[in-house]
file input.txt (compact mmCIF, C-alpha atoms)
# COMPACT_ATOMS: atom_id res chain seq x y z
CA MET Y 123 30.11 -130.56 90.01
CA ASN Y 124 30.64 -134.28 90.49
CA THR Y 125 34.09 -134.19 92.07
CA VAL Y 126 35.58 -132.49 95.09
CA GLU Y 127 38.10 -130.74 92.86
CA GLU Y 128 35.29 -129.29 90.75
CA PHE Y 129 33.57 -128.08 93.92
CA LYS Y 130 36.78 -126.43 95.15
CA SER Y 131 37.24 -124.76 91.77
CA TYR Y 132 33.67 -123.45 91.94
CA VAL Y 133 34.21 -122.05 95.45
CA ALA Y 134 37.43 -120.36 94.34
CA SER Y 135 35.62 -118.75 91.40
CA VAL Y 136 32.92 -117.38 93.71
CA GLU Y 137 35.47 -116.03 96.18
CA ALA Y 138 37.38 -114.40 93.32
CA LYS Y 139 34.43 -112.21 92.34
CA PRO Y 140 34.89 -108.45 92.92
CA GLY Y 141 33.81 -107.35 96.38
CA TYR Y 142 33.58 -110.86 97.84
CA GLN Y 143 34.08 -111.01 101.61
CA LYS Y 144 34.18 -114.03 103.85
CA PRO Y 145 31.59 -113.67 106.62
CA LEU Y 146 32.46 -113.80 110.29
CA ALA Y 147 29.57 -116.24 110.70
CA PHE Y 148 26.60 -117.61 108.81
CA GLY Y 149 23.85 -120.15 109.24
CA LEU Y 150 20.91 -121.78 107.51
CA GLY Y 151 17.67 -121.58 109.44
CA VAL Y 152 13.89 -121.46 109.48
CA LYS Y 153 12.04 -118.24 110.27
CA ARG Y 154 8.44 -118.33 111.45
CA SER Y 155 6.34 -115.19 111.15
CA LYS Y 156 2.81 -113.87 111.44
CA GLY Y 157 2.16 -110.97 109.10
CA ASP Y 158 5.10 -108.61 109.42
CA LYS Y 159 6.13 -109.93 112.86
CA THR Y 160 8.93 -112.46 113.22
CA LEU Y 161 7.92 -115.04 115.79
CA ASP Y 162 11.25 -116.86 115.94
CA ALA Y 163 14.18 -118.12 113.87
CA TYR Y 164 15.89 -121.46 114.37
CA PHE Y 165 19.49 -122.09 113.25
CA PRO Y 166 20.52 -125.72 113.85
CA LEU Y 167 24.16 -124.96 113.06
CA ILE Y 168 25.91 -121.61 113.23
CA ASN Y 169 29.25 -121.52 111.41
CA TRP Y 170 31.56 -119.10 113.21
CA GLU Y 171 34.79 -118.45 111.31
CA VAL Y 172 34.51 -121.90 109.65
CA SER Y 173 33.03 -123.63 106.55
CA PHE Y 174 33.84 -120.84 104.11
CA GLY Y 175 33.19 -123.15 101.16
CA THR Y 176 29.57 -123.52 102.25
CA ALA Y 177 29.43 -119.75 102.81
CA ALA Y 178 30.47 -119.24 99.20
CA VAL Y 179 27.68 -121.54 97.99
CA PHE Y 180 25.00 -119.67 99.94
CA ALA Y 181 26.46 -116.29 98.98
CA ASP Y 182 26.30 -117.25 95.31
CA VAL Y 183 22.82 -118.79 95.43
CA ALA Y 184 21.30 -115.98 97.52
CA ASP Y 185 23.23 -113.18 95.74
CA ILE Y 186 24.07 -111.52 99.04
CA LYS Y 187 25.34 -108.00 99.71
CA PHE Y 188 28.80 -108.35 101.20
CA GLY Y 189 29.78 -106.55 104.38
CA LYS Y 190 26.21 -106.10 105.63
CA ASN Y 191 24.58 -108.24 108.30
CA ALA Y 192 21.42 -109.56 106.68
CA GLU Y 193 19.08 -112.50 106.10
CA TYR Y 194 18.19 -113.92 102.71
CA VAL Y 195 15.19 -116.10 101.92
CA LEU Y 196 15.88 -119.36 100.09
CA ASP Y 197 12.84 -120.74 98.29
CA ILE Y 198 12.72 -124.44 97.45
CA GLU Y 199 14.42 -123.87 94.10
CA LYS Y 200 17.34 -122.06 95.71
CA LEU Y 201 17.54 -124.62 98.48
CA ASN Y 202 17.66 -127.39 95.87
CA ASP Y 203 20.30 -125.46 93.95
CA SER Y 204 22.39 -125.18 97.13
CA TYR Y 205 22.10 -128.91 97.80
CA ASN Y 206 22.98 -129.86 94.22
CA LYS Y 207 26.16 -127.80 94.36
CA PHE Y 208 27.37 -130.34 96.94
CA SER Y 209 26.73 -133.30 94.61
CA ALA Y 210 30.36 -134.42 94.99
CA PHE Y 211 29.58 -135.20 98.65
CA HIS Y 212 26.14 -136.81 98.26
CA GLY Y 213 27.55 -140.32 98.45
CA ASP Y 214 28.44 -139.80 102.10
CA ILE Y 215 27.32 -136.61 103.84
CA SER Y 216 28.13 -137.85 107.35
CA GLY Y 217 30.25 -135.22 109.05
CA HIS Y 218 29.08 -132.50 106.67
CA GLU Y 219 26.64 -130.81 109.01
CA ASN Y 220 25.65 -128.01 106.65
CA ILE Y 221 24.77 -130.45 103.88
CA ILE Y 222 22.78 -132.51 106.38
CA ALA Y 223 20.86 -129.37 107.42
CA ILE Y 224 20.03 -128.53 103.79
CA LYS Y 225 18.88 -132.10 103.15
CA ASN Y 226 16.73 -132.12 106.31
CA PHE Y 227 15.05 -128.87 105.34
CA LEU Y 228 14.40 -130.11 101.80
CA GLU Y 229 12.89 -133.38 103.00
CA ASN Y 230 10.78 -131.90 105.79
CA TYR Y 231 9.92 -128.39 104.61
CA SER Y 232 6.27 -127.46 104.88
CA ASN Y 233 4.33 -124.24 105.00
CA ASN Y 234 1.08 -126.01 105.75
CA HIS Y 235 0.51 -124.16 109.01
CA SER Y 236 -2.85 -122.74 110.00
CA TYR Y 237 -1.33 -119.89 111.98
CA TYR Y 238 2.19 -118.84 110.94
CA LYS Y 239 4.31 -118.76 107.79
CA SER Y 240 7.64 -120.59 107.52
CA GLU Y 241 10.61 -119.53 105.41
CA VAL Y 242 14.07 -121.00 104.98
CA VAL Y 243 16.63 -118.24 105.43
CA VAL Y 244 20.38 -117.95 105.43
CA TYR Y 245 21.85 -115.29 107.72
CA PHE Y 246 25.25 -113.68 107.13
CA LEU Y 247 27.06 -111.89 109.97
CA PHE Y 248 29.96 -109.64 109.04
CA ASP Y 249 29.99 -107.30 112.05
CA LYS Y 250 29.38 -108.82 115.47
CA ASP Y 251 29.68 -105.44 117.18
CA GLN Y 252 26.74 -103.65 115.56
CA ASP Y 253 23.47 -103.27 117.45
CA VAL Y 254 20.77 -105.83 116.70
CA GLU Y 255 18.80 -104.55 113.71
CA SER Y 256 16.25 -107.34 113.22
CA ALA Y 257 14.61 -110.18 115.09
CA THR Y 258 16.45 -112.68 112.90
CA GLU Y 259 19.78 -111.11 113.85
CA GLY Y 260 18.75 -111.31 117.50
CA TYR Y 261 17.96 -115.02 117.22
CA PHE Y 262 21.18 -115.66 115.29
CA LYS Y 263 23.33 -114.00 117.96
CA LEU Y 264 21.45 -115.66 120.82
CA GLN Y 265 21.95 -119.09 119.27
CA ALA Y 266 25.60 -118.31 118.60
CA LEU Y 267 25.95 -117.91 122.36
CA SER Y 268 24.05 -121.08 123.22
CA GLN Y 269 26.02 -123.05 120.61
CA ARG Y 270 29.27 -121.80 122.24
CA CYS Y 271 30.40 -119.98 119.10
CA VAL Y 272 31.09 -116.91 121.22
CA GLU Y 273 31.26 -116.33 124.97
CA PRO Y 274 29.03 -113.86 126.83
CA HIS Y 275 29.77 -110.25 125.82
CA GLY Y 276 31.48 -111.60 122.68
CA THR Y 277 28.81 -110.10 120.42
CA ASN Y 278 26.66 -107.00 120.65
CA LEU Y 279 23.08 -107.68 121.78
CA ASN Y 280 22.07 -104.04 122.23
CA GLY Y 281 18.65 -103.49 120.73
CA ALA Y 282 17.57 -107.13 120.93
CA PHE Y 283 14.65 -106.40 123.25
CA GLY Y 284 13.25 -103.86 120.83
CA LYS Y 285 13.48 -106.20 117.85
CA LEU Y 286 12.28 -109.50 119.35
CA THR Y 287 8.54 -110.11 119.39
CA ASN Y 288 6.73 -110.93 122.62
CA VAL Y 289 5.37 -114.43 122.00
CA ALA Y 290 3.15 -117.02 123.67
CA TRP Y 291 5.21 -120.22 123.42
CA THR Y 292 2.93 -123.22 122.90
CA ASN Y 293 3.06 -126.89 121.95
CA LYS Y 294 1.70 -125.84 118.52
CA GLY Y 295 4.39 -123.23 117.93
CA PRO Y 296 4.77 -119.53 118.72
CA VAL Y 297 1.60 -117.43 118.89
CA LEU Y 298 1.11 -113.70 119.29
CA PRO Y 299 -0.45 -113.04 122.71
CA GLU Y 300 -3.37 -111.18 121.15
CA ASP Y 301 -4.23 -114.28 119.10
CA LEU Y 302 -3.97 -116.74 121.97
CA SER Y 303 -7.68 -116.96 122.86
CA ALA Y 304 -8.62 -117.76 119.26
CA GLU Y 305 -5.89 -120.40 119.00
CA ILE Y 306 -6.95 -122.01 122.29
CA SER Y 307 -10.53 -122.20 121.02
CA LYS Y 308 -9.36 -123.83 117.79
CA TYR Y 309 -7.82 -126.80 119.61
CA ILE Y 310 -10.01 -127.08 122.70
CA PHE Y 311 -12.07 -130.02 121.32
CA THR Y 312 -9.10 -132.03 120.06
CA GLU Y 313 -5.68 -131.53 121.60
CA PRO Y 314 -5.76 -128.52 123.94
CA LEU Y 315 -3.13 -125.84 123.42
CA GLN Y 316 -0.48 -125.75 126.14
CA VAL Y 317 1.32 -122.48 126.86
CA THR Y 318 4.65 -122.62 128.67
CA HIS Y 319 5.25 -118.88 128.94
CA ILE Y 320 4.81 -115.48 127.31
CA ASP Y 321 8.13 -113.77 126.71
CA LYS Y 322 10.47 -112.46 124.05
CA PHE Y 323 12.85 -115.32 124.75
CA PRO Y 324 12.14 -119.04 124.34
CA TYR Y 325 13.72 -121.76 126.44
CA MET Y 326 17.18 -122.70 125.23
CA VAL Y 327 16.48 -126.45 125.36
CA ASN Y 328 13.83 -126.06 122.64
CA TYR Y 329 16.56 -124.85 120.26
CA HIS Y 330 19.84 -126.36 121.42
CA ALA Y 331 21.26 -128.83 123.94
CA PRO Y 332 24.91 -128.00 124.74
CA THR Y 333 27.12 -131.06 125.09
CA GLY Y 334 28.13 -132.15 128.57
CA THR Y 335 25.37 -130.34 130.44
CA ARG Y 336 22.37 -131.20 132.58
CA ILE Y 337 19.42 -128.83 132.73
CA VAL Y 338 16.95 -130.21 135.21
CA SER Y 339 14.23 -127.69 134.38
CA GLY Y 340 14.22 -126.36 130.83
CA SER Y 341 12.23 -123.28 131.81
CA GLN Y 342 15.17 -122.02 133.87
CA VAL Y 343 17.59 -121.39 130.99
CA ARG Y 344 16.83 -118.74 128.38
CA LEU Y 345 17.96 -118.94 124.77
CA GLY Y 346 21.24 -117.02 124.60
CA ALA Y 347 22.66 -118.59 127.75
CA TYR Y 348 26.19 -119.98 127.47
CA LEU Y 349 26.66 -123.23 129.38
CA GLY Y 350 30.17 -124.66 129.50
CA GLU Y 351 30.98 -128.36 129.41
CA GLY Y 352 30.22 -129.94 132.78
CA THR Y 353 27.56 -127.46 133.87
CA THR Y 354 24.56 -128.64 135.86
CA VAL Y 355 21.55 -126.35 136.30
CA MET Y 356 19.31 -127.57 139.10
CA PRO Y 357 15.53 -126.88 139.32
CA ALA Y 358 15.93 -123.68 141.35
CA GLY Y 359 18.85 -122.50 139.21
CA TYR Y 360 18.43 -119.89 136.50
CA VAL Y 361 20.67 -118.65 133.67
CA ASN Y 362 19.75 -115.58 131.64
CA PHE Y 363 20.84 -114.74 128.10
CA ASN Y 364 24.32 -113.30 127.46
CA ALA Y 365 25.40 -114.95 130.69
CA GLY Y 366 26.53 -118.36 131.81
CA THR Y 367 29.34 -120.68 132.80
CA LEU Y 368 32.72 -121.42 131.26
CA GLY Y 369 33.14 -125.00 132.47
CA ASN Y 370 32.21 -127.30 135.35
CA ALA Y 371 29.70 -125.45 137.49
CA MET Y 372 26.81 -126.18 139.81
CA VAL Y 373 24.02 -123.64 139.36
CA GLU Y 374 21.36 -123.77 142.06
CA GLY Y 375 20.96 -120.01 142.21
CA ARG Y 376 20.50 -117.12 139.80
CA VAL Y 377 23.02 -116.23 137.08
CA SER Y 378 21.60 -112.91 135.88
CA GLY Y 379 22.05 -111.23 132.52
CA GLY Y 380 25.65 -110.41 131.69
CA VAL Y 381 27.16 -112.53 134.47
CA VAL Y 382 30.01 -114.94 133.66
CA VAL Y 383 30.81 -117.81 136.03
CA ASP Y 384 34.19 -119.53 135.64
CA LYS Y 385 34.77 -123.27 135.98
CA ASN Y 386 34.64 -125.37 139.15
CA THR Y 387 32.36 -122.89 140.88
CA ASP Y 388 29.16 -123.50 142.86
CA ILE Y 389 26.26 -121.04 142.90
CA GLY Y 390 24.29 -122.30 145.90
CA GLY Y 391 20.54 -122.66 146.34
CA GLY Y 392 18.79 -119.30 146.28
CA ALA Y 393 22.04 -117.40 145.64
CA SER Y 394 21.83 -114.39 143.34
CA ILE Y 395 24.35 -112.52 141.21
CA MET Y 396 23.47 -108.97 140.23
CA GLY Y 397 23.09 -108.56 136.47
CA THR Y 398 23.25 -105.67 134.04
CA LEU Y 399 19.65 -105.66 132.78
CA SER Y 400 17.91 -103.77 135.57
CA GLY Y 401 18.56 -101.04 138.10
CA GLY Y 402 21.02 -99.21 135.88
CA ASN Y 403 23.88 -101.48 136.91
CA LYS Y 404 26.72 -101.16 134.37
CA ASN Y 405 29.27 -103.23 136.29
CA VAL Y 406 29.67 -106.57 134.50
CA ILE Y 407 29.95 -109.24 137.18
CA SER Y 408 32.27 -112.19 136.83
CA ILE Y 409 32.77 -115.04 139.28
CA GLY Y 410 36.21 -116.66 139.29
CA GLN Y 411 37.25 -120.28 139.40
CA GLU Y 412 36.62 -122.41 142.51
CA CYS Y 413 34.25 -119.94 144.13
CA LEU Y 414 31.25 -120.71 146.32
CA LEU Y 415 28.14 -118.64 146.87
CA GLY Y 416 26.37 -120.21 149.82
CA ALA Y 417 22.62 -120.69 150.05
CA ASN Y 418 20.76 -117.37 149.70
CA ALA Y 419 24.04 -115.48 149.34
CA GLY Y 420 24.59 -112.87 146.66
CA THR Y 421 27.02 -110.43 145.12
CA GLY Y 422 27.02 -107.20 143.20
CA ILE Y 423 30.81 -107.25 142.81
CA SER Y 424 33.06 -109.58 140.87
CA LEU Y 425 34.90 -112.36 142.67
CA GLY Y 426 38.41 -113.52 141.80
CA PHE Y 427 39.80 -117.00 142.22
CA GLY Y 428 38.83 -119.08 145.24
CA CYS Y 429 36.34 -116.78 146.98
CA THR Y 430 33.49 -117.81 149.26
CA ILE Y 431 30.45 -115.84 150.33
CA ALA Y 432 28.80 -117.52 153.30
CA ALA Y 433 25.14 -118.46 153.31
CA GLY Y 434 22.79 -115.49 153.61
CA VAL Y 435 25.47 -112.84 153.02
CA TYR Y 436 24.90 -110.34 150.20
CA ILE Y 437 27.78 -108.15 149.07
CA THR Y 438 27.02 -104.98 147.11
CA ALA Y 439 29.38 -102.34 145.75
CA GLY Y 440 28.42 -100.05 148.64
CA SER Y 441 28.46 -102.64 151.44
CA LYS Y 442 30.58 -101.67 154.44
CA ILE Y 443 32.96 -104.54 155.09
CA ALA Y 444 35.43 -105.06 157.94
CA LEU Y 445 38.80 -106.47 156.81
CA TYR Y 446 40.84 -108.87 158.94
CA ASN Y 447 43.96 -110.91 158.26
CA SER Y 448 44.35 -114.63 158.94
CA ALA Y 449 45.27 -113.82 162.56
CA ASN Y 450 41.96 -111.94 162.98
CA GLU Y 451 43.75 -108.59 163.19
CA PRO Y 452 42.05 -105.56 161.60
CA VAL Y 453 43.86 -104.54 158.39
CA ASN Y 454 43.50 -102.01 155.59
CA LEU Y 455 43.53 -102.69 151.84
CA SER Y 456 47.34 -102.83 151.90
CA ASN Y 457 47.13 -105.54 154.57
CA ASP Y 458 48.68 -103.25 157.18
CA VAL Y 459 47.42 -103.81 160.73
CA VAL Y 460 45.27 -100.84 161.77
CA ALA Y 461 42.98 -99.86 164.62
CA GLU Y 462 39.49 -101.34 164.76
CA GLY Y 463 37.22 -99.09 162.69
CA GLU Y 464 40.00 -98.12 160.31
CA ASN Y 465 39.57 -101.48 158.55
CA ILE Y 466 36.21 -100.62 156.98
CA VAL Y 467 36.08 -100.63 153.18
CA LYS Y 468 33.37 -100.69 150.53
CA GLY Y 469 32.49 -103.80 148.61
CA MET Y 470 33.72 -102.27 145.35
CA ASP Y 471 37.20 -101.95 146.90
CA LEU Y 472 37.36 -105.76 146.89
CA ASN Y 473 36.00 -106.19 143.36
CA GLY Y 474 37.73 -109.06 141.55
CA LYS Y 475 40.21 -109.90 144.31
CA ASP Y 476 41.26 -113.53 144.97
CA LYS Y 477 40.90 -115.87 147.95
CA LEU Y 478 38.44 -113.87 150.03
CA LEU Y 479 35.98 -115.24 152.59
CA PHE Y 480 32.90 -113.12 153.33
CA ILE Y 481 30.93 -113.93 156.47
CA GLN Y 482 28.54 -112.11 158.77
CA ASP Y 483 29.43 -111.70 162.43
CA SER Y 484 26.63 -113.42 164.34
CA GLN Y 485 26.84 -110.96 167.26
CA SER Y 486 27.40 -107.56 165.66
CA GLY Y 487 25.78 -108.33 162.27
CA LYS Y 488 28.66 -106.66 160.42
CA ILE Y 489 30.06 -108.18 157.23
CA VAL Y 490 33.58 -109.48 157.68
CA CYS Y 491 36.16 -110.34 155.03
CA LYS Y 492 39.14 -112.56 155.72
CA PRO Y 493 41.61 -114.57 153.61
CA ASN Y 494 39.89 -117.76 152.47
CA PRO Y 495 41.79 -120.72 153.96
CA LYS Y 496 40.50 -123.21 151.39
CA THR Y 497 38.69 -123.42 148.08
CA ILE Y 498 35.85 -125.70 147.08
CA GLU Y 499 36.02 -128.92 145.11
CA LEU Y 500 33.05 -129.93 142.99
CA ASN Y 501 31.89 -133.54 142.94
CA THR Y 502 33.43 -134.86 139.72
CA ALA Y 503 30.70 -137.47 139.25
CA LEU Y 504 28.00 -134.79 139.26
CA HIS Y 505 29.56 -132.98 136.32
CA ALA Y 506 30.41 -135.88 134.04
CA ASN Y 507 27.33 -135.09 131.98
CA ASP Y 508 27.76 -137.58 129.16

call {"tool": "encode", "arguments": {"input": "input.txt", "output": "structure tokens"}}
result
Amino acid sequence: MNTVEEFKSYVASVEAKPGYQKPLAFGLGVKRSKGDKTLDAYFPLINWEVSFGTAAVFADVADIKFGKNAEYVLDIEKLNDSYNKFSAFHGDISGHENIIAIKNFLENYSNNHSYYKSEVVVYFLFDKDQDVESATEGYFKLQALSQRCVEPHGTNLNGAFGKLTNVAWTNKGPVLPEDLSAEISKYIFTEPLQVTHIDKFPYMVNYHAPTGTRIVSGSQVRLGAYLGEGTTVMPAGYVNFNAGTLGNAMVEGRVSGGVVVDKNTDIGGGASIMGTLSGGNKNVISIGQECLLGANAGTGISLGFGCTIAAGVYITAGSKIALYNSANEPVNLSNDVVAEGENIVKGMDLNGKDKLLFIQDSQSGKIVCKPNPKTIELNTALHAND
């Protein structure tokens, strides 16, 4: 296939085969494993509802089963075959990211590792809503989040913990914890092994750097975090997987699993947002645009647009909160003026509402909620992360 027209004709012939289905997403990657345990899988480019011509090439070369989420190993011969099918583009592959990835893998592939085995794989995703059935699927979905192919909760990650392997992450690659002492001994006389952490999740920055972001400490953002353009994560900030920010945001506190923070919002130093991974909490927390969580503040309810929680105040679903209007009169949820004491509501009653200011009365200690007279403005210069 030496011309683009010949390539298009080839793709059309593949897609015309009985049972052919276009995938929702696919990607070429490298899987590293030790015995029957997958250590990790790296996908430099995940194609989500795009590049169906390349999908047809991989589907043909790997002889995939359509409709089923699965990985397929590409040996060097199949990888070469894939690359050669793009011969019409070899003169200038700039802008063709999938061809570049194939070429990079061909030129740099090696399985000369003393500890783990490497394989080139192509993963096809047809159903984003099924539970995670393999470690490779888990890594594919996590990287789809970090590459902004899908927003938090946009794909099913149930079962990921059970499929991912607990790994010691080192400067020599992933190592099973039970093998760590032997691996340390192997390198102790030359270049000592350095271990960053032992976990089922690697750091996102070791797999992907989202455009327009600053991550001051790479250890604070897990693979599977979604960081919108303009996000800054400071050293004390933390973003878990299947959570993140949708645009400009300052993260100096904790964005727990499942939490979504909208743009132009500031999560202050030491602030914490209750996630969905522990304590049986099923309420998915979202933080609206132009919100501020002050230092050491926190919330277990969602906030709408323009809300502020003052420093040190933690709002839970069961918190007893006294409502007041802008004239400091006690009111009920309908904003009717009522007697003092009749203005007490639970935190969940205010879930997702806009323009609220939560403070703690310095004399009585009670939590007070009033209309928020102003919303925050982030420093534009801090979030121009070019």

call {"tool": "residues_near_point", "arguments": {"input": "input.txt", "point": "(21.6, -118.3, 141.6)", "cutoff": "7 Å", "atoms": "only C-alpha atoms", "output": "PyMOL selection string"}}
result
chain Y and resi 359-360+373-377+389-395

call {"tool": "atom_distance", "arguments": {"input": "input.txt", "atom1": "CA of Glu412 in chain Y", "atom2": "CA of Leu445 in chain Y"}}
result
21.5 Å

call {"tool": "residues_around", "arguments": {"input": "input.txt", "residues": "range 364-367 of chain Y", "least_positions_apart": "3", "cutoff": "10 Å", "atoms": "only C-alpha atoms", "output": "PyMOL selection string"}}
result
chain Y and resi 263-264+267-268+272-279+343-354+360-361+370-373+377-387+397+407-409

call {"tool": "write_last_selection", "arguments": {"input": "input.txt", "atoms": "C-alpha atoms", "output": "mmCIF file, in the coordinates of the input"}}
result
data_model
loop_
_atom_site.group_PDB
_atom_site.id
_atom_site.type_symbol
_atom_site.label_atom_id
_atom_site.label_comp_id
_atom_site.auth_asym_id
_atom_site.auth_seq_id
_atom_site.Cartn_x
_atom_site.Cartn_y
_atom_site.Cartn_z
ATOM 1 C CA LYS Y 263 23.330 -114.000 117.960
ATOM 2 C CA LEU Y 264 21.450 -115.660 120.820
ATOM 3 C CA LEU Y 267 25.950 -117.910 122.360
ATOM 4 C CA SER Y 268 24.050 -121.080 123.220
ATOM 5 C CA VAL Y 272 31.090 -116.910 121.220
ATOM 6 C CA GLU Y 273 31.260 -116.330 124.970
ATOM 7 C CA PRO Y 274 29.030 -113.860 126.830
ATOM 8 C CA HIS Y 275 29.770 -110.250 125.820
ATOM 9 C CA GLY Y 276 31.480 -111.600 122.680
ATOM 10 C CA THR Y 277 28.810 -110.100 120.420
ATOM 11 C CA ASN Y 278 26.660 -107.000 120.650
ATOM 12 C CA LEU Y 279 23.080 -107.680 121.780
ATOM 13 C CA VAL Y 343 17.590 -121.390 130.990
ATOM 14 C CA ARG Y 344 16.830 -118.740 128.380
ATOM 15 C CA LEU Y 345 17.960 -118.940 124.770
ATOM 16 C CA GLY Y 346 21.240 -117.020 124.600
ATOM 17 C CA ALA Y 347 22.660 -118.590 127.750
ATOM 18 C CA TYR Y 348 26.190 -119.980 127.470
ATOM 19 C CA LEU Y 349 26.660 -123.230 129.380
ATOM 20 C CA GLY Y 350 30.170 -124.660 129.500
ATOM 21 C CA GLU Y 351 30.980 -128.360 129.410
ATOM 22 C CA GLY Y 352 30.220 -129.940 132.780
ATOM 23 C CA THR Y 353 27.560 -127.460 133.870
ATOM 24 C CA THR Y 354 24.560 -128.640 135.860
ATOM 25 C CA TYR Y 360 18.430 -119.890 136.500
ATOM 26 C CA VAL Y 361 20.670 -118.650 133.670
ATOM 27 C CA ASN Y 370 32.210 -127.300 135.350
ATOM 28 C CA ALA Y 371 29.700 -125.450 137.490
ATOM 29 C CA MET Y 372 26.810 -126.180 139.810
ATOM 30 C CA VAL Y 373 24.020 -123.640 139.360
ATOM 31 C CA VAL Y 377 23.020 -116.230 137.080
ATOM 32 C CA SER Y 378 21.600 -112.910 135.880
ATOM 33 C CA GLY Y 379 22.050 -111.230 132.520
ATOM 34 C CA GLY Y 380 25.650 -110.410 131.690
ATOM 35 C CA VAL Y 381 27.160 -112.530 134.470
ATOM 36 C CA VAL Y 382 30.010 -114.940 133.660
ATOM 37 C CA VAL Y 383 30.810 -117.810 136.030
ATOM 38 C CA ASP Y 384 34.190 -119.530 135.640
ATOM 39 C CA LYS Y 385 34.770 -123.270 135.980
ATOM 40 C CA ASN Y 386 34.640 -125.370 139.150
ATOM 41 C CA THR Y 387 32.360 -122.890 140.880
ATOM 42 C CA GLY Y 397 23.090 -108.560 136.470
ATOM 43 C CA ILE Y 407 29.950 -109.240 137.180
ATOM 44 C CA SER Y 408 32.270 -112.190 136.830
ATOM 45 C CA ILE Y 409 32.770 -115.040 139.280
#

call {"tool": "closest_residue", "arguments": {"input": "input.txt", "among": "Y:Tyr329, Y:Tyr231, Y:Phe363, Y:Phe427", "to": "Leu167 in chain Y", "atoms": "all atoms listed in the file"}}
result
Y:Tyr329

call {"tool": "atom_distance", "arguments": {"input": "input.txt", "atom1": "CA of Ser448 in chain Y", "atom2": "CA of Gln485 in chain Y"}}
result
19.7 Å

call {"tool": "closest_residue", "arguments": {"input": "input.txt", "among": "Y:Ile437, Y:Leu425, Y:Ile306, Y:Ala290", "to": "Gly474 in chain Y", "atoms": "only C-alpha atoms"}}
result
Y:Leu425

call {"tool": "closest_residue", "arguments": {"input": "input.txt", "among": "Y:Tyr446, Y:Phe480, Y:Tyr309, Y:Phe129", "to": "Glu464 in chain Y", "atoms": "all atoms listed in the file"}}
result
Y:Tyr446

call {"tool": "residues_around", "arguments": {"input": "input.txt", "residues": "range 133-149 of chain Y", "least_positions_apart": "2", "cutoff": "9 Å", "atoms": "only C-alpha atoms", "output": "short mmCIF file (atom, residue, chain, number, x, y, z; two decimals) with C-alpha atoms, in the frame of the given file"}}
result
data_model
loop_
_atom_site.label_atom_id
_atom_site.label_comp_id
_atom_site.auth_asym_id
_atom_site.auth_seq_id
_atom_site.Cartn_x
_atom_site.Cartn_y
_atom_site.Cartn_z
CA GLU Y 128 35.29 -129.29 90.75
CA PHE Y 129 33.57 -128.08 93.92
CA LYS Y 130 36.78 -126.43 95.15
CA SER Y 131 37.24 -124.76 91.77
CA GLY Y 151 17.67 -121.58 109.44
CA PHE Y 165 19.49 -122.09 113.25
CA PRO Y 166 20.52 -125.72 113.85
CA LEU Y 167 24.16 -124.96 113.06
CA ILE Y 168 25.91 -121.61 113.23
CA ASN Y 169 29.25 -121.52 111.41
CA TRP Y 170 31.56 -119.10 113.21
CA GLU Y 171 34.79 -118.45 111.31
CA VAL Y 172 34.51 -121.90 109.65
CA PHE Y 174 33.84 -120.84 104.11
CA GLY Y 175 33.19 -123.15 101.16
CA THR Y 176 29.57 -123.52 102.25
CA ALA Y 177 29.43 -119.75 102.81
CA ALA Y 178 30.47 -119.24 99.20
CA VAL Y 179 27.68 -121.54 97.99
CA ALA Y 181 26.46 -116.29 98.98
CA ASP Y 182 26.30 -117.25 95.31
CA LYS Y 187 25.34 -108.00 99.71
CA PHE Y 188 28.80 -108.35 101.20
CA GLY Y 189 29.78 -106.55 104.38
CA ASN Y 220 25.65 -128.01 106.65
CA VAL Y 243 16.63 -118.24 105.43
CA VAL Y 244 20.38 -117.95 105.43
CA TYR Y 245 21.85 -115.29 107.72
CA PHE Y 246 25.25 -113.68 107.13
CA LEU Y 247 27.06 -111.89 109.97
CA PHE Y 248 29.96 -109.64 109.04
CA ASP Y 249 29.99 -107.30 112.05
CA LYS Y 250 29.38 -108.82 115.47
CA PHE Y 262 21.18 -115.66 115.29
#

call {"tool": "residues_around", "arguments": {"input": "input.txt", "residues": "range 291-305 of chain Y", "least_positions_apart": "5", "cutoff": "10 Å", "atoms": "all atoms listed in the file", "output": "list in words"}}
result
Arg154, Ser155, Lys156, Lys159, Thr160, Leu161, Asp162, His235, Ser236, Tyr237, Tyr238, Ile310, Glu313, Pro314, Leu315, Gln316, Val317, Thr318, His319, Ile320, Asp321, Lys322, Phe323, Pro324 and Tyr325 of chain Y
